[in-house]
>>> print(open('data_38.cif').read())   # mmCIF, C-alpha atoms
data_data
loop_
_atom_site.group_PDB
_atom_site.id
_atom_site.type_symbol
_atom_site.label_atom_id
_atom_site.label_comp_id
_atom_site.auth_asym_id
_atom_site.auth_seq_id
_atom_site.Cartn_x
_atom_site.Cartn_y
_atom_site.Cartn_z
ATOM 1 C CA MET A 135 -4.632 -1.760 -21.013
ATOM 2 C CA PRO A 136 -2.095 -2.921 -18.408
ATOM 3 C CA ARG A 137 0.986 -4.930 -19.256
ATOM 4 C CA LYS A 138 0.781 -8.719 -19.274
ATOM 5 C CA GLY A 139 0.712 -10.062 -15.716
ATOM 6 C CA PHE A 140 -0.790 -6.866 -14.294
ATOM 7 C CA LYS A 141 -4.333 -5.670 -13.596
ATOM 8 C CA SER A 142 -5.718 -2.175 -13.419
ATOM 9 C CA VAL A 143 -7.594 -0.768 -10.405
ATOM 10 C CA THR A 144 -9.279 2.558 -9.820
ATOM 11 C CA ILE A 145 -8.750 4.670 -6.706
ATOM 12 C CA SER A 146 -10.270 7.994 -5.797
ATOM 13 C CA GLU A 147 -8.435 11.167 -6.676
ATOM 14 C CA GLU A 148 -8.304 12.007 -2.956
ATOM 15 C CA ILE A 149 -6.393 8.803 -2.159
ATOM 16 C CA TYR A 150 -4.183 9.245 -5.216
ATOM 17 C CA ASN A 151 -3.221 12.749 -4.056
ATOM 18 C CA LEU A 152 -2.641 11.549 -0.486
ATOM 19 C CA ILE A 153 -0.227 8.864 -1.699
ATOM 20 C CA LYS A 154 1.494 11.360 -3.985
ATOM 21 C CA GLU A 155 2.043 13.700 -0.993
ATOM 22 C CA GLN A 156 3.505 10.860 1.061
ATOM 23 C CA LEU A 157 5.869 9.915 -1.747
ATOM 24 C CA LYS A 158 7.083 13.515 -1.937
ATOM 25 C CA LYS A 159 7.397 13.869 1.836
ATOM 26 C CA TYR A 160 9.022 10.505 2.573
ATOM 27 C CA GLY A 161 10.471 9.644 -0.835
ATOM 28 C CA LYS A 162 13.969 8.832 0.364
ATOM 29 C CA GLN A 163 12.807 6.512 3.144
ATOM 30 C CA LEU A 164 10.233 4.850 0.905
ATOM 31 C CA ARG A 165 12.753 4.253 -1.863
ATOM 32 C CA LEU A 166 14.829 2.276 0.654
ATOM 33 C CA ARG A 167 11.798 -0.023 0.892
ATOM 34 C CA ARG A 168 11.630 -0.159 -2.933
ATOM 35 C CA VAL A 169 8.519 2.040 -3.001
ATOM 36 C CA ARG A 170 9.098 4.396 -5.912
ATOM 37 C CA THR A 171 5.673 4.805 -7.490
ATOM 38 C CA ILE A 172 2.046 5.103 -6.459
ATOM 39 C CA SER A 173 1.557 1.560 -7.693
ATOM 40 C CA ASP A 174 4.430 0.347 -5.464
ATOM 41 C CA PHE A 175 2.890 2.217 -2.516
ATOM 42 C CA VAL A 176 -0.540 0.627 -3.008
ATOM 43 C CA GLU A 177 0.969 -2.832 -3.467
ATOM 44 C CA ASP A 178 3.032 -2.461 -0.283
ATOM 45 C CA ALA A 179 -0.023 -1.227 1.657
ATOM 46 C CA VAL A 180 -2.176 -4.141 0.498
ATOM 47 C CA LEU A 181 0.500 -6.685 1.413
ATOM 48 C CA TYR A 182 0.889 -5.073 4.851
ATOM 49 C CA TYR A 183 -2.886 -5.191 5.361
ATOM 50 C CA ILE A 184 -3.036 -8.856 4.423
ATOM 51 C CA LYS A 185 -0.111 -9.751 6.681
ATOM 52 C CA THR A 186 -1.549 -7.934 9.694
ATOM 53 C CA VAL A 187 -5.314 -7.504 9.557
ATOM 54 C CA VAL A 188 -6.312 -10.580 7.555
ATOM 55 C CA LYS A 189 -3.961 -12.735 9.602
ATOM 56 C CA LYS A 190 -5.672 -11.594 12.828
ATOM 57 C CA ILE A 191 -9.092 -12.349 11.326
ATOM 58 C CA GLU A 192 -7.933 -15.833 10.339
ATOM 59 C CA GLU A 193 -6.623 -16.360 13.886
ATOM 60 C CA GLY A 194 -9.976 -15.285 15.355
ATOM 61 C CA LYS A 195 -8.480 -12.129 16.892
ATOM 62 C CA GLU A 196 -10.803 -9.576 15.279
ATOM 63 C CA GLU A 197 -11.011 -7.613 18.547
ATOM 64 C CA GLU A 198 -7.306 -6.709 18.190
ATOM 65 C CA ILE A 199 -7.959 -4.980 14.879
ATOM 66 C CA LEU A 200 -10.103 -2.224 16.343
#
>>> encode(input="data_38.cif", output="C-alpha cells")
Amino acid sequence: MPRKGFKSVTISEEIYNLIKEQLKKYGKQLRLRRVRTISDFVEDAVLYYIKTVVKKIEEGKEEEIL
C-alpha cells in the first residue's frame, strides 16, 4: 500500500529495466534535475508528456506530434 497522498501504478519489467539503465548511465545529470529514483523518472516523463504532447493536442496541433 502506498503512502498517503500517493498512488501505485504497474509498469512492465522491460520499461522498468530501461529506466534503471538510464538512471545508471545518466545518474549524475538526472540527479541535477532531482530525478533520483524510478518513480521520479516516471513522474518527470509524465509531466514532460503533458506539457508537450497534450498541450499540442489542446491547441489543435496534433500533426506536430507525429
>>> atom_distance(input="data_38.cif", atom1="atom CA of A:Lys158", atom2="atom CA of A:Val180")
20.1 Å
>>> resolve_selection(input="data_38.cif", expression="the PyMOL selection byres ((chain A and resi 199) around 10)", output="NGL selection string")
:A and (186-188 or 190-191 or 195-198 or 200)
>>> residues_around(input="data_38.cif", residues="stretch 167-173 of chain A", least_positions_apart="5", cutoff="9 Å", atoms="all atoms listed in the file", output="ChimeraX atom specification")
/A:150,153-154,157,161,178
>>> atom_distance(input="data_38.cif", atom1="atom CA of A:Phe175", atom2="atom CA of A:Gln156")
9.4 Å
>>> atom_distance(input="data_38.cif", atom1="atom CA of A:Ala179", atom2="atom CA of A:Met135")
23.1 Å
>>> axis_aligned_box(input="data_38.cif", around="stretch 175-181 of chain A", padding_each_side="5 Å", output="JSON")
{"center_x": 0.4, "center_y": -2.2, "center_z": -0.9, "size_x": 15.2, "size_y": 18.9, "size_z": 15.1}
>>> closest_residue(input="data_38.cif", among="A:Lys138, A:Val176, A:Lys189, A:Arg165", to="A:Leu152", atoms="all atoms listed in the file")
A:Val176
>>> decode(input="data_38.cif", residues="stretch 143-175 of chain A", atoms="N, CA and C atoms", output="compact mmCIF listing (two decimals), in the first residue's frame")
# COMPACT_ATOMS: atom_id res chain seq x y z
N VAL A 143 1.20 2.42 -9.44
CA VAL A 143 0.95 2.04 -10.83
C VAL A 143 1.86 0.86 -11.17
N THR A 144 1.47 0.13 -12.20
CA THR A 144 2.26 -1.01 -12.63
C THR A 144 2.83 -0.73 -14.00
N ILE A 145 4.13 -0.99 -14.17
CA ILE A 145 4.76 -0.87 -15.48
C ILE A 145 5.41 -2.21 -15.81
N SER A 146 5.65 -2.42 -17.08
CA SER A 146 6.24 -3.69 -17.49
C SER A 146 7.69 -3.77 -17.00
N GLU A 147 8.15 -4.99 -16.85
CA GLU A 147 9.53 -5.20 -16.41
C GLU A 147 10.51 -4.62 -17.43
N GLU A 148 10.15 -4.69 -18.71
CA GLU A 148 11.00 -4.15 -19.77
C GLU A 148 11.21 -2.65 -19.60
N ILE A 149 10.14 -1.92 -19.32
CA ILE A 149 10.24 -0.47 -19.11
C ILE A 149 10.99 -0.18 -17.82
N TYR A 150 10.70 -0.93 -16.78
CA TYR A 150 11.40 -0.77 -15.51
C TYR A 150 12.91 -0.91 -15.71
N ASN A 151 13.32 -1.95 -16.43
CA ASN A 151 14.75 -2.17 -16.67
C ASN A 151 15.35 -1.08 -17.54
N LEU A 152 14.59 -0.59 -18.51
CA LEU A 152 15.07 0.50 -19.36
C LEU A 152 15.33 1.76 -18.54
N ILE A 153 14.40 2.10 -17.66
CA ILE A 153 14.58 3.27 -16.79
C ILE A 153 15.78 3.07 -15.87
N LYS A 154 15.90 1.88 -15.32
CA LYS A 154 17.01 1.57 -14.42
C LYS A 154 18.35 1.76 -15.13
N GLU A 155 18.44 1.33 -16.39
CA GLU A 155 19.66 1.52 -17.19
C GLU A 155 19.96 2.99 -17.38
N GLN A 156 18.92 3.77 -17.68
CA GLN A 156 19.12 5.21 -17.89
C GLN A 156 19.58 5.90 -16.62
N LEU A 157 19.03 5.48 -15.49
CA LEU A 157 19.46 6.06 -14.22
C LEU A 157 20.93 5.75 -13.94
N LYS A 158 21.36 4.54 -14.28
CA LYS A 158 22.77 4.18 -14.09
C LYS A 158 23.65 4.98 -15.04
N LYS A 159 23.23 5.06 -16.30
CA LYS A 159 24.04 5.70 -17.34
C LYS A 159 24.13 7.22 -17.16
N TYR A 160 23.01 7.85 -16.81
CA TYR A 160 22.96 9.30 -16.73
C TYR A 160 22.61 9.79 -15.32
N GLY A 161 22.96 9.01 -14.32
CA GLY A 161 22.61 9.31 -12.94
C GLY A 161 22.99 10.71 -12.49
N LYS A 162 24.22 11.11 -12.78
CA LYS A 162 24.68 12.42 -12.32
C LYS A 162 23.85 13.55 -12.93
N GLN A 163 23.64 13.48 -14.24
CA GLN A 163 22.87 14.52 -14.91
C GLN A 163 21.41 14.52 -14.45
N LEU A 164 20.86 13.33 -14.24
CA LEU A 164 19.47 13.24 -13.81
C LEU A 164 19.29 13.74 -12.38
N ARG A 165 20.27 13.48 -11.53
CA ARG A 165 20.17 13.96 -10.15
C ARG A 165 20.15 15.49 -10.11
N LEU A 166 20.80 16.15 -11.06
CA LEU A 166 20.75 17.61 -11.13
C LEU A 166 19.33 18.09 -11.41
N ARG A 167 18.54 17.24 -12.06
CA ARG A 167 17.13 17.54 -12.32
C ARG A 167 16.22 16.98 -11.23
N ARG A 168 16.82 16.52 -10.13
CA ARG A 168 16.09 15.94 -9.00
C ARG A 168 15.42 14.62 -9.36
N VAL A 169 16.00 13.89 -10.30
CA VAL A 169 15.50 12.56 -10.67
C VAL A 169 16.46 11.56 -10.06
N ARG A 170 16.04 10.96 -8.96
CA ARG A 170 16.91 10.04 -8.23
C ARG A 170 16.40 8.60 -8.24
N THR A 171 15.12 8.43 -8.48
CA THR A 171 14.52 7.10 -8.42
C THR A 171 13.72 6.82 -9.69
N ILE A 172 13.32 5.57 -9.84
CA ILE A 172 12.48 5.21 -10.98
C ILE A 172 11.16 5.97 -10.91
N SER A 173 10.64 6.12 -9.72
CA SER A 173 9.40 6.88 -9.54
C SER A 173 9.58 8.33 -9.98
N ASP A 174 10.70 8.96 -9.60
CA ASP A 174 10.99 10.33 -10.04
C ASP A 174 11.07 10.41 -11.56
N PHE A 175 11.71 9.41 -12.17
CA PHE A 175 11.89 9.37 -13.62
C PHE A 175 10.53 9.32 -14.31
